[in-house]
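To be precise, the following lines are my_file-v8.txt, and they hold compact mmCIF, C-alpha atoms and all ligand atoms.
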```
# COMPACT_ATOMS: atom_id res chain seq x y z
CA MET A 807 116.20 150.73 94.56
CA MET A 808 116.53 154.21 96.00
CA LEU A 809 119.00 155.03 98.74
CA ARG A 810 119.14 158.15 100.90
CA LEU A 811 122.17 158.94 103.08
CA LEU A 812 123.10 161.72 105.50
CA ALA A 813 126.41 163.54 105.11
CA PRO A 814 127.13 165.28 108.45
CA ALA A 815 129.24 168.41 108.99
CA LYS A 816 132.31 168.47 111.27
CA LEU A 817 134.07 170.88 113.56
CA ASN A 818 137.74 170.94 114.44
CA LEU A 819 137.76 171.39 118.22
CA TYR A 820 141.55 171.46 118.10
CA LEU A 821 143.77 172.06 115.08
CA ARG A 822 147.50 172.37 115.42
CA VAL A 823 149.78 172.73 112.40
CA LEU A 824 153.13 171.05 113.14
CA GLY A 825 154.86 172.10 109.91
CA LYS A 826 154.99 171.89 106.14
CA ARG A 827 155.75 168.51 104.57
CA PRO A 828 157.80 167.78 101.43
CA ASP A 829 154.55 166.84 99.58
CA GLY A 830 153.15 170.36 100.10
CA TYR A 831 150.59 169.37 102.74
CA HIS A 832 150.88 170.35 106.40
CA GLU A 833 151.37 167.87 109.23
CA LEU A 834 148.45 168.23 111.68
CA GLU A 835 147.15 167.25 115.08
CA THR A 836 143.41 167.71 115.10
CA ILE A 837 140.25 166.67 116.95
CA PHE A 838 137.16 166.22 114.78
CA GLU A 839 133.58 166.36 116.00
CA ARG A 840 130.67 165.09 113.88
CA LEU A 841 127.61 167.38 113.86
CA ASP A 842 123.88 166.81 113.49
CA LEU A 843 123.84 169.44 110.70
CA ALA A 844 123.89 167.35 107.50
CA ASP A 845 123.51 167.33 103.72
CA THR A 846 121.41 164.54 102.18
CA LEU A 847 122.40 162.47 99.15
CA THR A 848 120.00 160.25 97.20
CA PHE A 849 121.16 157.54 94.81
CA GLU A 850 119.20 155.74 92.10
CA PRO A 851 120.48 153.22 89.58
CA ALA A 852 121.10 154.60 86.07
CA ASP A 853 123.24 153.79 83.04
CA ALA A 854 125.43 156.88 83.38
CA LEU A 855 126.63 159.02 86.29
CA SER A 856 124.79 162.28 86.87
CA LEU A 857 124.59 164.80 89.70
CA THR A 858 122.00 167.44 90.56
CA CYS A 859 122.13 169.76 93.54
CA SER A 860 119.74 172.00 95.48
CA ASP A 861 122.40 174.75 95.45
CA PRO A 862 122.67 176.20 91.93
CA THR A 863 125.97 177.96 92.74
CA LEU A 864 127.77 174.64 93.23
CA SER A 865 129.78 173.10 90.40
CA TYR A 866 128.21 169.97 88.89
CA GLY A 867 131.26 169.32 86.75
CA GLU A 868 133.88 166.62 87.08
CA ASP A 869 135.68 168.76 89.70
CA ASN A 870 132.76 168.13 92.09
CA LEU A 871 134.02 165.82 94.86
CA VAL A 872 130.86 163.67 94.70
CA LEU A 873 131.50 162.86 91.03
CA LYS A 874 135.22 162.38 91.72
CA ALA A 875 134.31 159.86 94.43
CA ALA A 876 131.92 158.07 92.06
CA ARG A 877 134.52 157.84 89.26
CA LEU A 878 137.17 156.62 91.71
CA LEU A 879 134.86 153.84 92.92
CA GLN A 880 133.94 152.88 89.32
CA ARG A 881 137.65 152.53 88.47
CA GLU A 882 138.47 150.71 91.73
CA ALA A 883 135.74 148.08 91.30
CA GLY A 884 135.53 147.97 87.49
CA VAL A 885 131.92 149.18 87.56
CA VAL A 886 130.30 150.11 84.25
CA ARG A 887 126.91 151.07 85.73
CA GLY A 888 126.07 154.65 86.66
CA ALA A 889 123.81 156.38 89.17
CA ARG A 890 121.55 159.40 89.44
CA ILE A 891 122.78 161.33 92.47
CA HIS A 892 120.98 164.27 94.06
CA LEU A 893 122.65 166.42 96.70
CA GLU A 894 120.48 168.44 99.10
CA LYS A 895 122.86 171.04 100.51
CA ARG A 896 122.42 172.29 104.07
CA ILE A 897 126.04 172.66 105.22
CA PRO A 898 127.48 176.08 104.26
CA VAL A 899 130.23 175.65 101.63
CA ALA A 900 133.86 176.81 102.07
CA ALA A 901 133.19 177.35 105.78
CA GLY A 902 135.58 174.83 107.41
CA LEU A 903 132.66 172.53 108.22
CA GLY A 904 133.74 169.70 105.90
CA GLY A 905 130.62 169.72 103.73
CA GLY A 906 132.34 168.79 100.45
CA SER A 907 134.46 166.11 102.14
CA SER A 908 131.44 164.60 103.87
CA ASP A 909 129.47 164.53 100.59
CA ALA A 910 132.38 162.65 99.00
CA ALA A 911 132.47 160.12 101.86
CA ALA A 912 128.69 159.61 101.59
CA ALA A 913 129.09 159.09 97.82
CA LEU A 914 131.67 156.32 98.40
CA ASP A 915 129.46 154.71 101.05
CA GLY A 916 126.22 155.10 99.08
CA LEU A 917 127.56 153.80 95.78
CA ASN A 918 129.32 150.89 97.53
CA ARG A 919 125.80 149.91 98.68
CA LEU A 920 123.89 150.79 95.48
CA TRP A 921 126.31 148.82 93.30
CA ALA A 922 126.53 146.02 95.94
CA LEU A 923 130.34 146.14 95.81
CA ASN A 924 130.85 145.14 99.45
CA LEU A 925 134.19 146.95 99.70
CA PRO A 926 135.33 146.80 103.35
CA GLN A 927 135.41 150.01 105.41
CA GLN A 928 139.23 149.99 105.45
CA ARG A 929 139.34 150.14 101.61
CA LEU A 930 136.74 152.95 101.58
CA ILE A 931 138.97 154.86 104.03
CA GLU A 932 141.97 154.43 101.69
CA LEU A 933 139.92 155.68 98.71
CA ALA A 934 138.63 158.56 100.86
CA ALA A 935 142.20 159.70 101.58
CA MET A 936 142.78 160.03 97.80
CA LEU A 937 139.87 162.50 97.60
CA GLY A 938 140.88 164.83 100.43
CA SER A 939 142.47 165.03 103.89
CA ASP A 940 139.14 165.27 105.77
CA VAL A 941 137.24 162.59 103.82
CA PRO A 942 138.38 159.49 105.82
CA PHE A 943 136.96 160.91 109.09
CA PHE A 944 133.47 160.78 107.55
CA ILE A 945 133.63 157.09 106.56
CA ALA A 946 133.53 155.68 110.11
CA PRO A 947 130.58 156.75 112.28
CA GLN A 948 132.37 157.92 115.46
CA PRO A 949 131.27 161.28 116.99
CA PHE A 950 134.84 162.35 117.93
CA ALA A 951 138.20 161.37 116.45
CA ILE A 952 141.84 162.40 116.61
CA GLY A 953 143.23 163.14 113.11
CA LEU A 954 146.97 162.89 112.40
CA GLY A 955 149.17 163.12 109.29
CA ARG A 956 147.41 165.59 106.95
CA GLY A 957 144.26 164.80 108.95
CA GLU A 958 143.49 161.55 107.15
CA ARG A 959 144.80 159.15 109.84
CA CYS A 960 141.89 158.96 112.30
CA GLU A 961 141.45 157.19 115.62
CA PRO A 962 138.09 157.26 117.43
CA LEU A 963 138.00 159.29 120.64
CA PRO A 964 135.31 158.00 123.01
CA SER A 965 133.51 160.69 125.04
CA PRO A 966 130.31 160.90 127.09
CA LEU A 967 129.78 164.52 125.95
CA ARG A 968 127.11 165.71 123.57
CA LEU A 969 128.12 169.29 122.81
CA ALA A 970 125.85 172.19 121.87
CA HIS A 971 127.22 174.92 119.59
CA VAL A 972 126.21 178.09 117.86
CA LEU A 973 127.66 178.21 114.34
CA VAL A 974 128.26 181.55 112.65
CA VAL A 975 129.50 181.58 109.06
CA PRO A 976 130.15 185.03 107.57
CA ALA A 977 129.11 185.70 103.97
CA GLU A 978 132.78 185.80 103.00
CA ARG A 979 134.16 182.26 102.54
CA LEU A 980 137.79 181.10 102.48
CA SER A 981 139.85 178.76 100.30
CA THR A 982 141.57 176.02 102.32
CA ALA A 983 144.66 176.01 100.09
CA GLU A 984 145.06 179.80 100.38
CA VAL A 985 144.72 179.85 104.18
CA TYR A 986 147.33 177.09 104.57
CA ALA A 987 149.65 178.76 102.05
CA GLY A 988 149.49 182.14 103.81
CA ALA A 989 149.91 180.90 107.40
CA GLN A 990 153.17 181.91 109.09
CA PHE A 991 155.25 179.35 111.01
CA PRO A 992 156.24 178.81 113.76
CA LEU A 993 152.96 179.72 115.41
CA THR A 994 152.17 180.63 119.01
CA PRO A 995 152.14 177.41 121.05
CA PRO A 996 148.66 176.33 122.16
CA ARG A 997 147.59 176.59 125.80
CA ARG A 998 146.85 172.85 125.91
CA SER A 999 148.38 169.85 124.16
CA LEU A 1000 146.35 167.48 121.99
CA SER A 1001 146.49 164.83 124.72
CA MET A 1002 145.14 167.27 127.34
CA VAL A 1003 142.17 168.19 125.16
CA ALA A 1004 141.57 164.53 124.24
CA HIS A 1005 141.67 163.73 127.98
CA ALA A 1006 139.04 166.42 128.71
CA LEU A 1007 136.76 164.87 126.08
CA ARG A 1008 137.27 161.32 127.38
CA ASN A 1009 136.52 162.46 130.94
CA GLY A 1010 133.50 164.53 129.95
CA SER A 1011 135.01 167.75 131.33
CA LEU A 1012 133.26 170.55 129.44
CA ARG A 1013 135.20 173.41 131.10
CA GLU A 1014 138.61 171.86 130.39
CA LEU A 1015 137.55 171.18 126.81
CA ALA A 1016 136.41 174.80 126.40
CA ASP A 1017 139.79 176.04 127.72
CA GLY A 1018 141.66 173.79 125.30
CA LEU A 1019 139.86 174.67 122.01
CA TRP A 1020 142.52 175.72 119.50
CA ASN A 1021 143.07 176.53 115.82
CA ASP A 1022 146.47 177.49 114.37
CA LEU A 1023 144.85 178.69 111.12
CA GLU A 1024 142.84 181.43 112.85
CA PRO A 1025 145.41 184.28 112.59
CA GLU A 1026 145.76 183.84 108.80
CA ALA A 1027 142.01 183.44 108.31
CA ILE A 1028 141.37 186.62 110.35
CA ARG A 1029 143.95 188.48 108.25
CA ARG A 1030 141.95 187.52 105.13
CA CYS A 1031 138.52 187.88 106.70
CA PRO A 1032 138.63 190.24 109.72
CA VAL A 1033 134.93 189.73 110.56
CA ILE A 1034 135.95 186.34 112.06
CA ALA A 1035 137.55 188.25 114.95
CA THR A 1036 134.38 190.31 115.45
CA ILE A 1037 132.21 187.17 115.54
CA ARG A 1038 134.59 185.61 118.07
CA THR A 1039 134.33 188.64 120.34
CA HIS A 1040 130.51 188.68 120.14
CA LEU A 1041 130.22 184.95 120.92
CA LYS A 1042 132.56 185.33 123.90
CA ASP A 1043 130.63 188.36 125.18
CA LEU A 1044 127.40 186.35 124.91
CA GLY A 1045 128.80 183.81 127.38
CA CYS A 1046 130.01 180.95 125.17
CA LEU A 1047 132.36 178.69 127.16
CA GLY A 1048 134.86 178.66 124.31
CA VAL A 1049 134.99 180.10 120.78
CA ARG A 1050 137.07 178.98 117.78
CA MET A 1051 137.11 178.96 114.02
CA SER A 1052 136.68 175.50 112.45
CA GLY A 1053 139.17 174.10 109.91
CA SER A 1054 140.44 176.78 107.52
CA GLY A 1055 137.34 178.93 108.16
CA SER A 1056 135.47 181.08 107.72
CA GLY A 1057 132.93 179.36 110.03
CA VAL A 1058 133.17 180.05 113.78
CA PHE A 1059 131.62 178.01 116.60
CA GLY A 1060 130.72 178.99 120.13
CA LEU A 1061 130.65 176.08 122.59
CA CYS A 1062 127.58 176.51 124.82
CA ALA A 1063 126.65 175.11 128.23
CA ASP A 1064 123.59 173.31 126.78
CA THR A 1065 120.90 173.53 124.06
CA ALA A 1066 118.92 176.26 125.82
CA HIS A 1067 122.05 178.39 126.09
CA ALA A 1068 122.80 177.79 122.38
CA HIS A 1069 119.27 178.97 121.41
CA GLU A 1070 119.69 182.10 123.54
CA VAL A 1071 123.10 182.96 122.03
CA ALA A 1072 121.85 182.25 118.48
CA ALA A 1073 118.84 184.57 118.93
CA ARG A 1074 121.04 187.38 120.21
CA ILE A 1075 123.70 187.02 117.54
CA ARG A 1076 121.00 186.91 114.81
CA ALA A 1077 119.84 190.32 115.98
CA MET A 1078 123.31 191.82 115.44
CA ALA A 1079 124.79 189.90 112.48
CA PRO A 1080 124.45 190.93 108.83
CA ARG A 1081 121.67 188.97 107.09
CA ALA A 1082 124.04 187.28 104.62
CA SER A 1083 125.72 185.30 107.40
CA HIS A 1084 124.59 181.79 108.26
CA ILE A 1085 123.65 181.24 111.93
CA ASP A 1086 122.68 177.82 113.21
CA ILE A 1087 122.65 175.57 116.24
CA ALA A 1088 124.38 172.20 116.04
CA HIS A 1089 125.08 169.32 118.40
CA THR A 1090 127.43 166.36 118.43
CA GLU A 1091 125.94 163.68 116.20
CA PHE A 1092 125.89 160.38 118.02
CA PRO A 1093 126.60 157.26 116.00
CA SER A 1094 123.58 156.36 114.00
CA SER A 1095 123.21 154.70 110.66
CA ARG A 1096 123.74 157.31 107.95
CA VAL A 1097 121.21 155.49 105.76
CA VAL A 1098 117.88 157.31 106.01
CA THR A 1099 115.88 155.26 103.49
CA SER A 1100 116.55 152.32 101.34
CA ALA A 1101 113.54 151.44 99.23
CA VAL A 1102 112.86 149.05 96.40
CA PRO A 1103 110.08 150.65 94.31
O1 LIG A 1201 143.23 167.52 101.29
P1 LIG A 1201 142.43 168.62 100.71
O2 LIG A 1201 142.23 168.46 99.21
O3 LIG A 1201 141.15 168.88 101.41
O4 LIG A 1201 143.28 169.93 100.91
C1 LIG A 1201 143.05 171.12 100.21
C2 LIG A 1201 144.32 171.97 100.28
O5 LIG A 1201 144.56 172.39 101.61
C3 LIG A 1201 145.56 171.21 99.89
O6 LIG A 1201 145.80 171.29 98.50
C4 LIG A 1201 146.65 171.94 100.65
O7 LIG A 1201 147.02 173.11 99.99
C5 LIG A 1201 145.95 172.36 101.93
N1 LIG A 1201 146.17 171.40 103.05
C6 LIG A 1201 147.41 171.38 103.66
N2 LIG A 1201 147.63 170.50 104.70
C7 LIG A 1201 146.65 169.67 105.12
C8 LIG A 1201 145.39 169.69 104.51
C9 LIG A 1201 145.18 170.56 103.47
O8 LIG A 1201 148.33 172.14 103.30
N3 LIG A 1201 146.91 168.87 106.15
```

Structure translated into C-alpha cells:
Amino acid sequence: MMLRLLAPAKLNLYLRVLGKRPDGYHELETIFERLDLADTLTFEPADALSLTCSDPTLSYGEDNLVLKAARLLQREAGVVRGARIHLEKRIPVAAGLGGGSSDAAAALDGLNRLWALNLPQQRLIELAAMLGSDVPFFIAPQPFAIGLGRGERCEPLPSPLRLAHVLVVPAERLSTAEVYAGAQFPLTPPRRSLSMVAHALRNGSLRELADGLWNDLEPEAIRRCPVIATIRTHLKDLGCLGVRMSGSGSGVFGLCADTAHAHEVAARIRAMAPRASHIDIAHTEFPSSRVVTSAVP
C-alpha cells in the first residue's frame, strides 16, 4: 500500500498575544486560514522509520517534526512497524506559514491510516498538541478556525469566503521562539476585536475582514527583519485590501479582491523584489480529503 497526503499551509488572519503564561508560552487569540499551497507526504510500509525530503537543507534527524510525530504515534499505539516517508516541500520554511506543523499533522493522519490504527480524530488532536501549538489546526479539515490557548484549542469558523492572497517571503527567515521572546508587552490594542473579525468572516464581508487583519508579532519581526515593512508598503501601494505578516514571520500576505487581482499584484511585486524571495499566489483551501492517492500495488 502507498499513501499520498497533502499538508496545506496556513495564514494567521488575526493574531493577538494576550500575555505570557507560567509555562513559557504566550496566550493567544488567532484566526487560522488553510491555504491551497501544500507539501505532499508519501507513506509506504517498511520495517523501520525513515524520512527523505526534496529540500536538502532540511534536517532529517530525530528533531524533524515528521519523525517526532511518527515516534509519538508508535509509542501511543504500541506499533513496532515502520514506514518509508517522503516529504515533497513546497511551503517555504520558517516563514510563519505552518509548513512544519502541517507536515507533522499529515504524518499523524497518514500513519494512523497506513498502520490501520483507527485512532479517533480527537486523540490525533491531543497528540498534535504535544508536537506544537499550530499542529492541531491541521488535523481537522476546516478552512477557517479560531485558535485559543497557545493556539492549539481550535473551533471551526464557517465562512462563505474563498480568499485570494499574494504571499511574499523574504530570503531572511525568523525563529518563532526568538520572535515571541523579543516581543514587548503590552502591545498596541488592535483596531478590531477577535469577535468582530470572526463576524466579518462569517458574514462574508471582505472589506471588514481586510480592515480587521492583525498581528501583534509584527513589530518584533520587523525589528529583526526590516524588509517585512518594505514588503508591506509595496503590497499596500499595489492595492491589496489588507496586508499582514503571518504567524511569527517572515512571510507577508496581501489580501486581494480576487484571483485576477492577486496575479496582477504578484507580477508587479516579482519585478521589484530580490530574486531570493519567494512570491506566490494562494487561496483558501476548501475542505477536501487530504488523501491524494491510496494504492495497493
Ligand atoms: O508550539 P511550538 O513548538 O510551535 O512553539 C515554538 C516556540 O514558540 C515555543 O517554544 C515558544 O517559545 C513560542 N510560542 C509561544 N507562545 C505560543 C506559541 C509558541 O511563546 N502560543

Wanna dump the segment 914-997 of chain A-segment 886-909 of chain A contacts at 9 Å for me, each residue with its shortest atom pair and the distance in Å to one decimal, counting all atoms listed in the file, ordered by chain and number, as a Markdown table?
```
| residue | atom | partner | partner_atom | distance |
| --- | --- | --- | --- | --- |
| A:Leu914 | CA | A:Asp909 | CA | 8.8 |
| A:Leu917 | CA | A:Ala889 | CA | 8.0 |
| A:Leu920 | CA | A:Ala889 | CA | 8.4 |
| A:Trp921 | CA | A:Arg887 | CA | 7.9 |
| A:Ala934 | CA | A:Ser907 | CA | 8.7 |
| A:Leu937 | CA | A:Ser907 | CA | 7.9 |
| A:Gly938 | CA | A:Ser907 | CA | 6.8 |
| A:Ser939 | CA | A:Ser907 | CA | 8.3 |
| A:Asp940 | CA | A:Ser907 | CA | 6.0 |
| A:Val941 | CA | A:Ser907 | CA | 4.8 |
| A:Pro942 | CA | A:Ser907 | CA | 8.5 |
| A:Phe943 | CA | A:Ser908 | CA | 8.4 |
| A:Phe944 | CA | A:Ser908 | CA | 5.7 |
| A:Ile945 | CA | A:Ser908 | CA | 8.3 |
| A:Val975 | CA | A:Ala901 | CA | 6.5 |
| A:Pro976 | CA | A:Ala901 | CA | 8.5 |
| A:Glu978 | CA | A:Ala901 | CA | 8.9 |
| A:Arg979 | CA | A:Ala900 | CA | 5.5 |
| A:Leu980 | CA | A:Ala900 | CA | 5.8 |
| A:Ser981 | CA | A:Ala900 | CA | 6.5 |
| A:Thr982 | CA | A:Ala900 | CA | 7.8 |
```

Task: Which of A:Ala951, A:Gly1055, A:Thr1036, A:Gly916 sits closest to ligand LIG 1201 (chain A) [using all atoms listed in the file] - done: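 Closest to ligand LIG 1201 (chain A), using all atoms listed in the file: A:Gly1055.
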
TODO: Name all residues at most 10 Å from Pro1032 of chain A (count all atoms listed in the file; drop same-chain ones fewer than 6 positions away) and give them as a ChimeraX atom specification.
DONE: /A:978,1025-1026,1056

TODO: May I ask which of the residues A:Asp915, A:Asp853, A:Glu958, A:Glu1014 is the closest one to ligand LIG 1201 (chain A), counting all atoms listed in the file?
DONE: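 Answer, going by the shortest atom-to-atom distance: A:Glu958.
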
Open item on the list: Just to confirm, what's the straight-line distance from atom CA of Ile952 of chain A to atom CA of Leu841 of chain A in Å (one decimal)?
Closed with: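 Between atom CA of Ile952 of chain A and atom CA of Leu841 of chain A the gap is 15.3 Å.
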
TODO: Name the closest residue to ligand LIG 1201 (chain A) among the candidates A:Pro814, A:Gly1053, A:Pro996, A:Pro966; distances are taken between atoms, counting all atoms listed in the file.
DONE: A:Gly1053

Task: Atom-to-atom span, atom CA of Arg1050 of chain A and atom CA of Pro947 of chain A, Å - done: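 Calculated distance between atom CA of Arg1050 of chain A and atom CA of Pro947 of chain A is 23.8 Å.
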
Open item on the list: Let me make sure I understand: among A:Ala854, A:Ala844, A:Ala875, A:Ala935, which one has the smallest atom-to-atom distance to ligand LIG 1201 (chain A) if we use only C-alpha atoms and all ligand atoms?
Closed with: A:Ala935

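Of the listed residues (A:Arg919, A:Gly1048, A:Leu1041, A:Lys826), A:Gly1048 comes nearest to Gly1018 of chain A; the distances count all atoms listed in the file.
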
Task: Counting only C-alpha atoms and all ligand atoms, the option among A:Thr846, A:Thr836, A:Thr1039, A:Thr858 closest to ligand LIG 1201 (chain A) - done: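 Closest to ligand LIG 1201 (chain A), using only C-alpha atoms and all ligand atoms: A:Thr836.
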
Task: Radius query 12 Å about (132.5, 170.5, 130.4), atoms used: only C-alpha atoms, as a PyMOL selection string - done: chain A and resi 965-970+1003+1005-1019+1046-1048+1061-1064

Keeping C-alpha atoms for every residue in the selection just given, could you write it to a file as a compact mmCIF listing (two decimals), in the coordinates of the input?
```
# COMPACT_ATOMS: atom_id res chain seq x y z
CA SER A 965 133.51 160.69 125.04
CA PRO A 966 130.31 160.90 127.09
CA LEU A 967 129.78 164.52 125.95
CA ARG A 968 127.11 165.71 123.57
CA LEU A 969 128.12 169.29 122.81
CA ALA A 970 125.85 172.19 121.87
CA VAL A 1003 142.17 168.19 125.16
CA HIS A 1005 141.67 163.73 127.98
CA ALA A 1006 139.04 166.42 128.71
CA LEU A 1007 136.76 164.87 126.08
CA ARG A 1008 137.27 161.32 127.38
CA ASN A 1009 136.52 162.46 130.94
CA GLY A 1010 133.50 164.53 129.95
CA SER A 1011 135.01 167.75 131.33
CA LEU A 1012 133.26 170.55 129.44
CA ARG A 1013 135.20 173.41 131.10
CA GLU A 1014 138.61 171.86 130.39
CA LEU A 1015 137.55 171.18 126.81
CA ALA A 1016 136.41 174.80 126.40
CA ASP A 1017 139.79 176.04 127.72
CA GLY A 1018 141.66 173.79 125.30
CA LEU A 1019 139.86 174.67 122.01
CA CYS A 1046 130.01 180.95 125.17
CA LEU A 1047 132.36 178.69 127.16
CA GLY A 1048 134.86 178.66 124.31
CA LEU A 1061 130.65 176.08 122.59
CA CYS A 1062 127.58 176.51 124.82
CA ALA A 1063 126.65 175.11 128.23
CA ASP A 1064 123.59 173.31 126.78
```

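For the pair atom CA of Glu882 of chain A and atom CA of Lys816 of chain A, the interatomic distance is 27.1 Å.
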
Saving segment 848-905 of chain A with C-alpha atoms, as a CSV table (one decimal), in the first residue's frame, what would that file be?
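The resulting file, decode_32.csv, is reproduced below:
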```csv
chain,number,residue,atom,x,y,z
A,848,THR,CA,4.0,9.8,0.8
A,849,PHE,CA,4.0,6.8,3.1
A,850,GLU,CA,5.0,3.2,2.4
A,851,PRO,CA,5.1,0.2,4.8
A,852,ALA,CA,8.7,-0.7,6.0
A,853,ASP,CA,10.3,-2.4,8.9
A,854,ALA,CA,12.0,0.8,10.2
A,855,LEU,CA,11.1,4.5,10.1
A,856,SER,CA,12.9,6.6,7.5
A,857,LEU,CA,12.4,10.1,6.0
A,858,THR,CA,13.6,11.6,2.8
A,859,CYS,CA,12.9,15.2,1.6
A,860,SER,CA,13.0,17.1,-1.6
A,861,ASP,CA,14.7,20.0,0.3
A,862,PRO,CA,18.3,19.0,1.1
A,863,THR,CA,18.6,21.9,3.6
A,864,LEU,CA,16.0,20.4,5.9
A,865,SER,CA,17.0,18.3,8.9
A,866,TYR,CA,16.2,14.6,8.5
A,867,GLY,CA,17.2,13.8,12.1
A,868,GLU,CA,15.1,12.9,15.0
A,869,ASP,CA,14.4,16.7,15.6
A,870,ASN,CA,12.3,16.7,12.4
A,871,LEU,CA,8.7,17.1,13.3
A,872,VAL,CA,7.6,14.4,10.9
A,873,LEU,CA,9.8,11.8,12.6
A,874,LYS,CA,8.7,13.1,16.0
A,875,ALA,CA,5.1,12.6,15.0
A,876,ALA,CA,5.8,9.1,13.8
A,877,ARG,CA,7.7,8.1,17.0
A,878,LEU,CA,4.9,9.6,19.2
A,879,LEU,CA,2.3,7.5,17.3
A,880,GLN,CA,4.4,4.4,17.6
A,881,ARG,CA,4.6,4.9,21.4
A,882,GLU,CA,0.9,5.8,21.7
A,883,ALA,CA,-0.3,2.7,19.8
A,884,GLY,CA,2.5,0.3,20.6
A,885,VAL,CA,3.4,0.0,16.9
A,886,VAL,CA,6.6,-1.9,16.1
A,887,ARG,CA,6.3,-1.5,12.3
A,888,GLY,CA,8.0,1.4,10.5
A,889,ALA,CA,7.3,3.4,7.3
A,890,ARG,CA,9.2,5.0,4.4
A,891,ILE,CA,8.1,8.6,4.4
A,892,HIS,CA,9.0,11.1,1.6
A,893,LEU,CA,8.3,14.8,2.0
A,894,GLU,CA,7.9,17.0,-1.1
A,895,LYS,CA,8.4,20.5,0.2
A,896,ARG,CA,6.6,23.4,-1.4
A,897,ILE,CA,5.8,25.6,1.6
A,898,PRO,CA,8.6,28.0,2.5
A,899,VAL,CA,10.2,27.0,5.8
A,900,ALA,CA,10.4,29.3,8.9
A,901,ALA,CA,8.0,31.7,7.2
A,902,GLY,CA,5.0,31.7,9.6
A,903,LEU,CA,3.0,29.6,7.1
A,904,GLY,CA,2.9,26.5,9.3
A,905,GLY,CA,4.7,24.1,7.0
```
